[in-house]
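Pasted below: model.tsv, TSV, C-alpha atoms and all ligand atoms.
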```tsv
chain	number	residue	atom	x	y	z
B	1	MET	CA	128.80	89.44	86.75
B	2	PHE	CA	127.02	92.40	88.39
B	3	LEU	CA	123.43	93.36	87.94
B	4	THR	CA	123.27	95.74	84.99
B	5	ASP	CA	120.26	96.90	83.01
B	6	GLN	CA	119.90	97.24	79.24
B	7	PHE	CA	121.11	100.86	79.40
B	8	GLY	CA	124.35	99.88	81.12
B	9	ARG	CA	123.33	101.17	84.56
B	10	ARG	CA	124.75	99.08	87.39
B	11	ILE	CA	122.09	98.26	89.99
B	12	SER	CA	123.70	98.42	93.42
B	13	ASP	CA	121.01	99.99	95.57
B	14	LEU	CA	118.00	98.13	96.98
B	15	ARG	CA	115.09	99.67	98.88
B	16	ILE	CA	112.84	97.35	100.84
B	17	SER	CA	109.49	98.51	102.15
B	18	ILE	CA	108.85	96.43	105.26
B	19	THR	CA	105.32	97.66	105.88
B	20	ASP	CA	102.62	99.49	103.99
B	21	ARG	CA	101.30	101.08	107.20
B	22	CYS	CA	102.15	104.62	108.21
B	23	ASN	CA	101.36	106.57	111.39
B	24	TYR	CA	101.45	109.91	109.53
B	25	ARG	CA	99.06	111.10	106.86
B	26	CYS	CA	101.04	113.83	105.21
B	27	VAL	CA	98.77	115.98	103.10
B	28	TYR	CA	100.92	115.78	99.97
B	29	CYS	CA	101.28	111.98	100.23
B	30	ARG	CA	98.01	110.56	101.50
B	31	THR	CA	94.31	111.21	101.64
B	32	GLU	CA	92.71	111.16	105.09
B	33	ASN	CA	90.79	107.96	104.38
B	34	GLU	CA	93.13	105.45	102.73
B	35	GLY	CA	94.89	103.03	105.12
B	36	ALA	CA	97.30	100.23	104.29
B	37	LEU	CA	96.45	98.56	100.98
B	38	TYR	CA	99.01	95.77	100.82
B	39	GLY	CA	100.24	93.19	103.28
B	40	ASP	CA	103.75	92.57	104.47
B	41	LEU	CA	105.98	89.51	104.61
B	42	PRO	CA	107.87	87.75	107.40
B	43	PHE	CA	111.36	89.21	107.81
B	44	THR	CA	112.85	85.88	106.76
B	45	ASP	CA	111.38	86.43	103.27
B	46	TYR	CA	112.85	89.94	102.91
B	47	LEU	CA	116.13	88.55	104.20
B	48	ARG	CA	116.22	85.85	101.55
B	49	MET	CA	115.43	88.39	98.83
B	50	ALA	CA	118.19	90.68	100.14
B	51	ARG	CA	120.67	87.80	100.34
B	52	VAL	CA	120.02	86.78	96.73
B	53	LEU	CA	120.28	90.40	95.55
B	54	VAL	CA	123.46	91.11	97.53
B	55	GLY	CA	124.88	88.02	95.83
B	56	MET	CA	124.11	89.75	92.52
B	57	GLY	CA	125.94	92.98	93.35
B	58	ILE	CA	123.70	95.02	95.66
B	59	THR	CA	125.86	96.91	98.15
B	60	LYS	CA	123.30	99.21	99.81
B	61	VAL	CA	120.01	98.29	101.40
B	62	ARG	CA	117.62	100.99	102.59
B	63	LEU	CA	114.63	100.06	104.74
B	64	THR	CA	111.52	102.10	104.18
B	65	GLY	CA	107.74	101.91	104.16
B	66	GLY	CA	104.98	103.01	104.98
B	67	GLU	CA	106.70	103.75	108.26
B	68	PRO	CA	109.38	101.09	108.84
B	69	LEU	CA	109.68	101.72	112.60
B	70	LEU	CA	106.09	100.51	113.04
B	71	ARG	CA	107.29	97.02	112.28
B	72	ASN	CA	108.21	94.98	115.37
B	73	GLY	CA	111.40	93.03	114.90
B	74	ILE	CA	113.19	95.64	112.78
B	75	VAL	CA	116.24	95.65	115.07
B	76	ASP	CA	116.74	91.89	114.67
B	77	PHE	CA	116.19	92.24	110.93
B	78	VAL	CA	118.97	94.85	110.72
B	79	ARG	CA	121.23	92.52	112.71
B	80	GLU	CA	120.59	89.74	110.16
B	81	LEU	CA	121.17	92.08	107.21
B	82	ASN	CA	124.43	93.10	108.81
B	83	GLN	CA	125.71	89.54	108.34
B	84	LEU	CA	125.50	89.88	104.54
B	85	ARG	CA	128.70	90.60	102.63
B	86	THR	CA	129.02	92.31	99.24
B	87	ALA	CA	129.77	90.12	96.24
B	88	ASP	CA	132.71	92.20	94.98
B	89	ASN	CA	134.96	92.60	98.02
B	90	GLY	CA	133.25	90.90	100.95
B	91	ASP	CA	132.62	94.13	102.86
B	92	ALA	CA	129.59	94.61	105.07
B	93	ILE	CA	126.69	96.15	103.17
B	94	ASP	CA	125.57	99.71	103.81
B	95	ILE	CA	122.27	99.56	105.73
B	96	ALA	CA	120.19	102.73	105.77
B	97	LEU	CA	116.72	103.66	106.99
B	98	THR	CA	114.17	106.24	105.88
B	99	THR	CA	111.74	107.14	108.65
B	100	ASN	CA	109.40	109.88	109.74
B	101	GLY	CA	111.30	109.79	113.06
B	102	HIS	CA	108.22	109.56	115.29
B	103	LEU	CA	109.47	106.37	116.97
B	104	LEU	CA	113.18	106.94	116.48
B	105	ALA	CA	114.21	108.32	119.88
B	106	ASP	CA	114.11	104.89	121.59
B	107	LEU	CA	115.20	102.87	118.57
B	108	ALA	CA	118.23	104.81	117.33
B	109	ARG	CA	120.74	103.21	119.69
B	110	PRO	CA	119.52	99.58	119.30
B	111	LEU	CA	119.44	100.02	115.51
B	112	LYS	CA	122.96	101.42	115.47
B	113	ASP	CA	124.19	98.56	117.66
B	114	ALA	CA	122.52	96.06	115.30
B	115	GLY	CA	124.45	97.46	112.34
B	116	LEU	CA	122.39	100.30	110.87
B	117	THR	CA	124.78	102.68	109.16
B	118	ARG	CA	122.69	105.73	108.35
B	119	VAL	CA	119.30	107.24	108.83
B	120	THR	CA	117.30	109.75	106.83
B	121	VAL	CA	114.47	111.49	108.66
B	122	SER	CA	111.61	113.01	106.69
B	123	MET	CA	110.46	116.33	108.06
B	124	ASP	CA	108.54	118.94	106.12
B	125	ALA	CA	108.44	121.89	108.55
B	126	VAL	CA	110.52	123.14	111.47
B	127	ASP	CA	107.55	124.75	113.12
B	128	PRO	CA	105.38	122.51	115.39
B	129	GLU	CA	102.04	123.87	114.19
B	130	ARG	CA	102.86	123.69	110.52
B	131	PHE	CA	104.31	120.23	111.09
B	132	ALA	CA	101.02	119.10	112.63
B	133	ARG	CA	99.02	120.52	109.74
B	134	ILE	CA	101.16	118.71	107.18
B	135	THR	CA	101.36	115.36	108.97
B	136	ARG	CA	97.82	115.46	110.43
B	137	VAL	CA	99.37	114.31	113.74
B	138	SER	CA	99.24	116.66	116.70
B	139	ASN	CA	102.30	115.79	118.80
B	140	GLY	CA	104.80	114.88	116.12
B	141	TYR	CA	107.30	117.71	115.95
B	142	ASP	CA	108.87	117.28	119.39
B	143	ARG	CA	109.07	113.52	118.96
B	144	VAL	CA	110.79	113.80	115.59
B	145	LEU	CA	113.25	116.35	116.94
B	146	ALA	CA	114.01	114.00	119.84
B	147	GLY	CA	114.47	111.19	117.29
B	148	ILE	CA	116.95	113.24	115.27
B	149	ARG	CA	118.96	114.13	118.36
B	150	SER	CA	118.93	110.55	119.59
B	151	ALA	CA	120.16	109.30	116.19
B	152	ARG	CA	122.97	111.83	116.35
B	153	ARG	CA	123.98	110.74	119.83
B	154	ALA	CA	123.91	107.11	118.73
B	155	GLY	CA	126.40	107.90	115.95
B	156	LEU	CA	124.02	107.35	113.04
B	157	TRP	CA	126.04	109.69	110.94
B	158	PRO	CA	125.84	111.54	108.56
B	159	LEU	CA	122.28	112.34	109.47
B	160	LYS	CA	120.06	113.61	106.69
B	161	VAL	CA	116.74	115.37	107.04
B	162	ASN	CA	114.61	115.28	103.89
B	163	CYS	CA	111.98	117.92	103.25
B	164	VAL	CA	109.49	117.75	100.38
B	165	LEU	CA	108.51	121.25	99.40
B	166	MET	CA	105.05	121.87	98.05
B	167	ARG	CA	103.84	125.23	96.93
B	168	GLY	CA	101.24	126.71	99.23
B	169	PHE	CA	102.20	124.41	102.11
B	170	ASN	CA	105.77	124.90	103.18
B	171	GLU	CA	107.90	126.84	100.71
B	172	ASP	CA	108.28	129.49	103.42
B	173	GLN	CA	110.21	126.87	105.44
B	174	ILE	CA	113.28	127.05	103.16
B	175	ILE	CA	115.22	129.57	105.24
B	176	PRO	CA	114.12	128.11	108.61
B	177	PHE	CA	115.45	124.74	107.36
B	178	GLY	CA	118.75	126.42	106.48
B	179	MET	CA	118.97	127.65	110.07
B	180	PHE	CA	117.96	124.21	111.33
B	181	ALA	CA	120.78	122.56	109.35
B	182	ARG	CA	123.28	124.90	110.94
B	183	GLU	CA	121.94	124.62	114.47
B	184	GLU	CA	121.39	120.85	114.57
B	185	GLY	CA	124.44	119.92	112.48
B	186	VAL	CA	122.35	117.83	110.06
B	187	THR	CA	122.27	117.85	106.27
B	188	VAL	CA	118.89	119.13	105.12
B	189	ARG	CA	117.86	117.98	101.66
B	190	PHE	CA	114.98	119.51	99.80
B	191	ILE	CA	113.14	117.18	97.45
B	192	GLU	CA	110.98	118.28	94.58
B	193	PHE	CA	107.41	117.07	94.85
B	194	MET	CA	106.66	114.26	92.36
B	195	PRO	CA	103.30	113.00	91.04
B	196	LEU	CA	103.13	109.98	93.38
B	197	GLU	CA	100.47	111.05	95.84
B	198	GLU	CA	97.18	109.32	96.68
B	199	GLY	CA	95.09	112.43	96.12
B	200	ARG	CA	96.43	113.22	92.65
B	201	THR	CA	97.01	116.87	93.56
B	202	TRP	CA	100.30	117.24	91.70
B	203	SER	CA	100.66	119.79	88.93
B	204	PRO	CA	103.84	121.43	87.61
B	205	ASP	CA	102.91	124.58	89.57
B	206	THR	CA	103.05	122.74	92.92
B	207	VAL	CA	106.76	121.91	92.43
B	208	VAL	CA	109.21	124.24	94.17
B	209	THR	CA	112.20	123.90	91.89
B	210	LEU	CA	115.92	123.73	92.55
B	211	GLU	CA	116.45	127.26	91.17
B	212	GLU	CA	113.77	128.69	93.44
B	213	ILE	CA	115.20	126.96	96.54
B	214	LEU	CA	118.70	128.24	95.79
B	215	SER	CA	117.52	131.76	95.21
B	216	ARG	CA	115.43	131.83	98.41
B	217	MET	CA	118.22	130.32	100.53
B	218	GLY	CA	120.72	132.77	99.01
B	219	GLU	CA	118.69	135.60	100.56
B	220	TYR	CA	119.61	134.14	103.95
B	221	ARG	CA	123.29	133.33	103.35
B	222	PRO	CA	125.43	132.70	100.28
B	223	LEU	CA	125.87	129.06	99.30
B	224	VAL	CA	128.90	127.38	97.78
B	225	GLU	CA	128.31	124.25	95.67
B	226	ILE	CA	130.21	121.11	96.76
B	227	PRO	CA	131.54	119.13	93.76
B	228	ARG	CA	129.56	115.90	93.48
B	229	GLY	CA	130.22	112.38	92.29
B	230	ARG	CA	128.75	111.25	88.97
B	231	SER	CA	126.04	109.12	90.51
B	232	GLU	CA	125.01	111.42	93.36
B	233	THR	CA	121.34	112.32	93.16
B	234	ALA	CA	121.59	115.42	95.36
B	235	ARG	CA	123.30	118.67	94.47
B	236	ARG	CA	125.12	119.71	97.63
B	237	TYR	CA	125.90	123.15	99.01
B	238	ARG	CA	127.68	124.57	102.05
B	239	PHE	CA	127.00	127.95	103.54
B	240	ASP	CA	129.82	130.40	102.82
B	241	ASP	CA	131.13	130.31	106.40
B	242	GLY	CA	131.46	126.51	106.28
B	243	VAL	CA	128.69	125.87	108.83
B	244	GLY	CA	125.79	123.75	107.63
B	245	GLU	CA	125.12	121.73	104.50
B	246	ILE	CA	122.02	121.54	102.36
B	247	GLY	CA	121.22	119.37	99.37
B	248	ILE	CA	118.61	119.54	96.65
B	249	ILE	CA	117.17	116.48	94.97
B	250	ALA	CA	115.46	117.64	91.80
B	251	PRO	CA	113.95	114.67	89.95
B	252	VAL	CA	111.39	116.90	88.23
B	253	SER	CA	113.41	119.91	87.06
B	254	HIS	CA	116.76	118.07	86.70
B	255	PRO	CA	116.08	114.32	86.28
B	256	PHE	CA	118.91	111.93	87.08
B	257	CYS	CA	117.45	108.71	85.64
B	258	GLY	CA	120.63	108.13	83.61
B	259	HIS	CA	122.48	107.47	86.87
B	260	CYS	CA	119.74	105.48	88.60
B	261	SER	CA	121.18	102.48	90.44
B	262	ARG	CA	117.99	101.48	92.31
B	263	ILE	CA	115.42	98.81	92.46
B	264	ARG	CA	112.73	98.44	95.08
B	265	ILE	CA	110.88	95.63	96.82
B	266	THR	CA	107.41	96.49	98.06
B	267	SER	CA	106.10	95.28	101.43
B	268	ASP	CA	104.22	92.48	99.66
B	269	GLY	CA	107.34	91.30	97.86
B	270	LYS	CA	107.03	92.80	94.36
B	271	ILE	CA	110.03	94.22	92.54
B	272	ARG	CA	109.66	97.72	91.14
B	273	THR	CA	112.28	98.95	88.73
B	274	CYS	CA	111.22	102.61	88.85
B	275	LEU	CA	109.09	104.76	91.16
B	276	PHE	CA	106.95	105.42	88.09
B	277	SER	CA	106.62	101.82	86.90
B	278	ALA	CA	103.22	100.98	85.50
B	279	TRP	CA	103.59	97.40	86.81
B	280	ASP	CA	105.61	95.36	89.24
B	281	HIS	CA	107.14	91.87	89.29
B	282	ASP	CA	106.05	89.29	91.83
B	283	LEU	CA	109.20	87.94	93.49
B	284	ASN	CA	107.21	86.74	96.47
B	285	ALA	CA	105.00	84.56	94.23
B	286	LYS	CA	108.13	82.91	92.81
B	287	MET	CA	109.32	82.16	96.33
B	288	ARG	CA	105.94	80.81	97.39
B	289	ARG	CA	106.03	78.42	94.43
B	290	GLY	CA	109.31	77.02	95.73
B	291	ALA	CA	111.84	78.69	93.40
B	292	SER	CA	115.50	77.98	94.17
B	293	ASP	CA	117.98	80.83	94.69
B	294	GLU	CA	119.23	80.23	91.12
B	295	GLU	CA	115.69	80.61	89.76
B	296	LEU	CA	115.18	83.80	91.76
B	297	THR	CA	118.48	85.14	90.40
B	298	GLU	CA	117.41	84.44	86.85
B	299	PHE	CA	114.02	86.05	87.45
B	300	ILE	CA	115.63	89.18	88.92
B	301	ARG	CA	118.06	89.47	86.00
B	302	GLY	CA	115.13	89.38	83.57
B	303	VAL	CA	113.19	91.97	85.58
B	304	VAL	CA	116.16	94.35	85.72
B	305	GLN	CA	116.38	94.21	81.92
B	306	GLN	CA	112.94	95.81	81.88
B	307	LYS	CA	114.00	98.79	84.01
B	308	GLU	CA	112.54	101.95	82.49
B	309	GLU	CA	114.98	104.30	80.79
B	310	ARG	CA	113.52	107.39	82.48
B	311	HIS	CA	110.41	108.88	83.99
B	312	HIS	CA	108.06	111.05	81.94
B	313	ILE	CA	106.93	113.54	84.59
B	314	GLY	CA	105.32	116.60	83.05
B	315	GLU	CA	105.19	115.11	79.54
B	316	ALA	CA	102.03	114.52	77.52
B	317	ASP	CA	102.55	110.73	77.60
B	318	PHE	CA	102.97	110.56	81.42
B	319	VAL	CA	101.13	107.59	82.89
B	320	PRO	CA	100.70	107.63	86.71
B	321	ALA	CA	102.56	104.90	88.57
B	322	SER	CA	100.57	101.80	89.51
B	323	ARG	CA	101.14	102.58	93.21
B	324	THR	CA	101.52	105.79	95.16
B	325	MET	CA	104.66	106.63	97.17
B	326	VAL	CA	103.49	105.35	100.55
B	327	HIS	CA	102.65	101.95	99.01
B	328	ILE	CA	105.93	101.70	97.09
B	329	GLY	CA	108.47	102.77	99.70
B	330	GLY	CA	110.23	106.07	99.08
X	1	LIG	N1	107.54	106.90	106.48
X	1	LIG	C1	108.88	107.05	106.04
X	1	LIG	C2	109.26	108.51	105.96
X	1	LIG	O1	108.42	109.35	106.27
X	1	LIG	O2	110.41	108.78	105.59
X	1	LIG	C3	109.23	106.33	104.74
X	1	LIG	C4	108.22	106.38	103.62
X	1	LIG	S1	107.90	107.98	102.95
X	1	LIG	C5	106.78	107.57	101.65
X	1	LIG	C6	109.43	108.32	102.13
X	1	LIG	C7	109.66	109.71	101.64
X	1	LIG	O3	108.86	109.96	100.50
X	1	LIG	C8	109.34	110.81	102.62
X	1	LIG	O4	110.47	111.65	102.75
X	1	LIG	C9	108.23	111.57	101.96
X	1	LIG	O5	108.29	112.93	102.26
X	1	LIG	C10	108.54	111.32	100.50
X	1	LIG	N2	107.41	111.54	99.60
X	1	LIG	C11	106.14	111.12	99.74
X	1	LIG	N3	105.40	111.50	98.68
X	1	LIG	C12	106.23	112.18	97.85
X	1	LIG	C13	106.05	112.82	96.59
X	1	LIG	N4	104.88	112.82	95.98
X	1	LIG	N5	107.12	113.41	96.03
X	1	LIG	C14	108.33	113.40	96.65
X	1	LIG	N6	108.56	112.79	97.82
X	1	LIG	C15	107.51	112.20	98.43
```
Before we go any further, please render this structure as structure tokens.
Amino acid sequence: MFLTDQFGRRISDLRISITDRCNYRCVYCRTENEGALYGDLPFTDYLRMARVLVGMGITKVRLTGGEPLLRNGIVDFVRELNQLRTADNGDAIDIALTTNGHLLADLARPLKDAGLTRVTVSMDAVDPERFARITRVSNGYDRVLAGIRSARRAGLWPLKVNCVLMRGFNEDQIIPFGMFAREEGVTVRFIEFMPLEEGRTWSPDTVVTLEEILSRMGEYRPLVEIPRGRSETARRYRFDDGVGEIGIIAPVSHPFCGHCSRIRITSDGKIRTCLFSAWDHDLNAKMRRGASDEELTEFIRGVVQQKEERHHIGEADFVPASRTMVHIGG
């Protein structure tokens, strides 16, 4: 009954990009010139897509973008999503958000009250100047820190802070992030840089790998690995004194495609079955042509059968994705 692809992977995790716009221009993600490239849909359309997909076995919905907090009406949208119930046991779905945190301080409490379960804040330096250089926004660091603290107070817990490491930009932030995790009581997760940027600056040398992160952090304090579930994408570690957790998501050096449970909907209503897909599938067009829920279900089942087995990062046959990260929804 549940949504399963041709490799037997159960698809339970949906990411919806609710806008293609972003208020940051992180150097490893965007060029200075490119703005939004794709439109967005009324929330009622995303809601219908989510409802159909939850009916097919989706249990987690993560809102992303662009920057999702730029979209007016997000709190009401979360409230509507919170009415959906999973197909297997009728529980509420898990509703998560990925944000740069710039607008989070005032929105954390209303989002929590509307039914948001968790938030992940992206943050690539714990030093205000470095943060400004990476994001190309001058006053961001203090705002994001305020957003993180506000989310904590609102009970959006566990709170994760994701940091993409890129050689030459911020690999010296590894230990400061370890300290940050301990001081702020958040889980910091380092993510390997993937070839999904607008500027096409990726090369294998720019990736700061899992082994390197562990070795650098070990110079600060010993780490103890936390046993992980089969489908967990992050390897998790605690510091030896039990204070502070870090995680490493290593799609380049240790791919986890065999456990992938995700599909994505872009802001303009296309389904993507992999970050690295060379094409997408126009769910919005089906809806515009008046498809019934049953027809949408059938379309989605067919699309999921085409989910790629794995990515080919670093291989000779690698073909860049048809969209970059900011236009997909990370
Ligand atoms: N604006 C929101 C945010 O900042 O979290 C959501 C969208 S952003 C594209 C989602 C995540 O993708 C961020 O954590 C960002 O650092 C990450 N990201 C962007 N480009 C990436 C790349 N080439 N490789 C790995 N992660 C990347």
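We find CA of His259 in chain B and CA of Val119 in chain B to be spaced 22.2 Å apart.
Distances from B:Glu192, B:Glu32, B:Asp293, B:Asp13 to ligand LIG 1 (chain X) were compared using all atoms listed in the file, and the smallest one belongs to B:Glu192.
Considering the residues B:Ala132, B:Ile18, B:Ile11, B:Val61 and counting all atoms listed in the file, Gly258 in chain B has its shortest atom-to-atom contact with B:Ile11.
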| Spatial neighbours of Ser12 in chain B, 6 Å, all atoms listed in the file, chain gap at least 2 places, as number ranges by chain | B: 57-59, 261
| Contacts of Arg15 in chain B at 8 Å (all atoms listed in the file; same-chain gap of 6+ positions) as a list of chain:residue names | B:Val61, B:Arg62, B:Leu63, B:Thr64, B:Arg262, B:Ile263, B:Arg264, B:Ile265, B:Gly329
| Given the choices B:Leu69, B:Ala36, B:Met287, B:Ile246, which gets closest to ligand LIG 1 (chain X) if the distance is worked out from only C-alpha atoms and all ligand atoms? | B:Leu69
Output as CSV one row per residue of chain B within 7 Å of ligand LIG 1 (chain X): the closest atom pair and its distance in Å to one decimal place, counting only C-alpha atoms and all ligand atoms, sorted by chain and residue number ascending.
```
residue,atom,partner,partner_atom,distance
B:Cys22,CA,X:LIG1,N1,6.1
B:Tyr28,CA,X:LIG1,N3,6.3
B:Cys29,CA,X:LIG1,N3,4.4
B:Thr64,CA,X:LIG1,C3,4.8
B:Gly65,CA,X:LIG1,C4,4.5
B:Gly66,CA,X:LIG1,C4,4.9
B:Glu67,CA,X:LIG1,N1,3.7
B:Pro68,CA,X:LIG1,N1,6.5
B:Thr98,CA,X:LIG1,O2,4.5
B:Thr99,CA,X:LIG1,O2,3.7
B:Asn100,CA,X:LIG1,O1,3.6
B:Val121,CA,X:LIG1,O2,5.8
B:Ser122,CA,X:LIG1,O4,4.3
B:Asn162,CA,X:LIG1,O4,5.6
B:Cys163,CA,X:LIG1,O5,6.3
B:Val164,CA,X:LIG1,O5,5.3
B:Ile191,CA,X:LIG1,C14,6.2
B:Glu192,CA,X:LIG1,C14,5.9
B:Phe193,CA,X:LIG1,N5,3.9
B:Met194,CA,X:LIG1,N5,3.8
B:Pro195,CA,X:LIG1,N4,5.2
B:Leu196,CA,X:LIG1,N4,4.2
B:Glu197,CA,X:LIG1,N4,4.8
B:Met325,CA,X:LIG1,C5,5.0
B:Val326,CA,X:LIG1,C5,4.1
B:Gly329,CA,X:LIG1,C4,5.3
B:Gly330,CA,X:LIG1,C6,3.9
```
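Reported to one decimal place, the separation of CA of Val161 in chain B from CA of Met123 in chain B is 6.4 Å.
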| Residues near Ala50 in chain B, cut-off 8 Å, all atoms listed in the file, skip fewer than 4 positions along chain, as a ChimeraX atom specification | /B:46,54,61,81
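Proximity ranking of B:Arg79, B:Arg51, B:Arg221, B:Arg25 relative to Pro110 in chain B places B:Arg79 first, based on only C-alpha atoms.
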For range 250-255 of chain B: contacts at 9 Å, all atoms listed in the file, fewer than 3 positions along chain excluded, given as a PDB file with C-alpha atoms, in the frame of the given file:
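As a result, out.pdb now contains:
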```
ATOM      1  CA  PHE B 190     114.980 119.510  99.800  1.00  0.00           C
ATOM      2  CA  ILE B 191     113.140 117.180  97.450  1.00  0.00           C
ATOM      3  CA  GLU B 192     110.980 118.280  94.580  1.00  0.00           C
ATOM      4  CA  PHE B 193     107.410 117.070  94.850  1.00  0.00           C
ATOM      5  CA  MET B 194     106.660 114.260  92.360  1.00  0.00           C
ATOM      6  CA  PRO B 204     103.840 121.430  87.610  1.00  0.00           C
ATOM      7  CA  VAL B 207     106.760 121.910  92.430  1.00  0.00           C
ATOM      8  CA  THR B 209     112.200 123.900  91.890  1.00  0.00           C
ATOM      9  CA  LEU B 210     115.920 123.730  92.550  1.00  0.00           C
ATOM     10  CA  GLU B 211     116.450 127.260  91.170  1.00  0.00           C
ATOM     11  CA  THR B 233     121.340 112.320  93.160  1.00  0.00           C
ATOM     12  CA  ALA B 234     121.590 115.420  95.360  1.00  0.00           C
ATOM     13  CA  ARG B 235     123.300 118.670  94.470  1.00  0.00           C
ATOM     14  CA  GLY B 258     120.630 108.130  83.610  1.00  0.00           C
ATOM     15  CA  ARG B 310     113.520 107.390  82.480  1.00  0.00           C
ATOM     16  CA  HIS B 311     110.410 108.880  83.990  1.00  0.00           C
ATOM     17  CA  ILE B 313     106.930 113.540  84.590  1.00  0.00           C
ATOM     18  CA  GLY B 314     105.320 116.600  83.050  1.00  0.00           C
TER      19      GLY B 314
END
```
| remark: Shortest contact to Val188 in chain B, candidates B:Gly168, B:Pro158, B:Pro128, B:Gly101, atoms counted all atoms listed in the file, goes to B:Pro158
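With distances restricted to only C-alpha atoms, B:Gly185 is the closest residue to Gly242 in chain B from B:Gly185, B:Gly8, B:Gly115, B:Gly73.
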| message | Please compute the CA of Gly140 in chain B-CA of Leu70 in chain B distance, one decimal, in Å. | response | 14.8 Å
| request: May I have the residues within 12 Å of Ser138 in chain B as a PyMOL selection string, using only C-alpha atoms and disregarding those fewer than 2 positions away in the same chain? | output: chain B and resi 23-26+102+128-136+140-144
Find the smallest box with edges along x, y and z containing every listed atom of range 194-202 of chain B, then add 5 Å on each side and report centre and edge lengths in Å to one decimal, as AutoDock Vina command-line options.
```
--center_x 100.9 --center_y 113.3 --center_z 93.9 --size_x 21.6 --size_y 17.9 --size_z 15.6
```
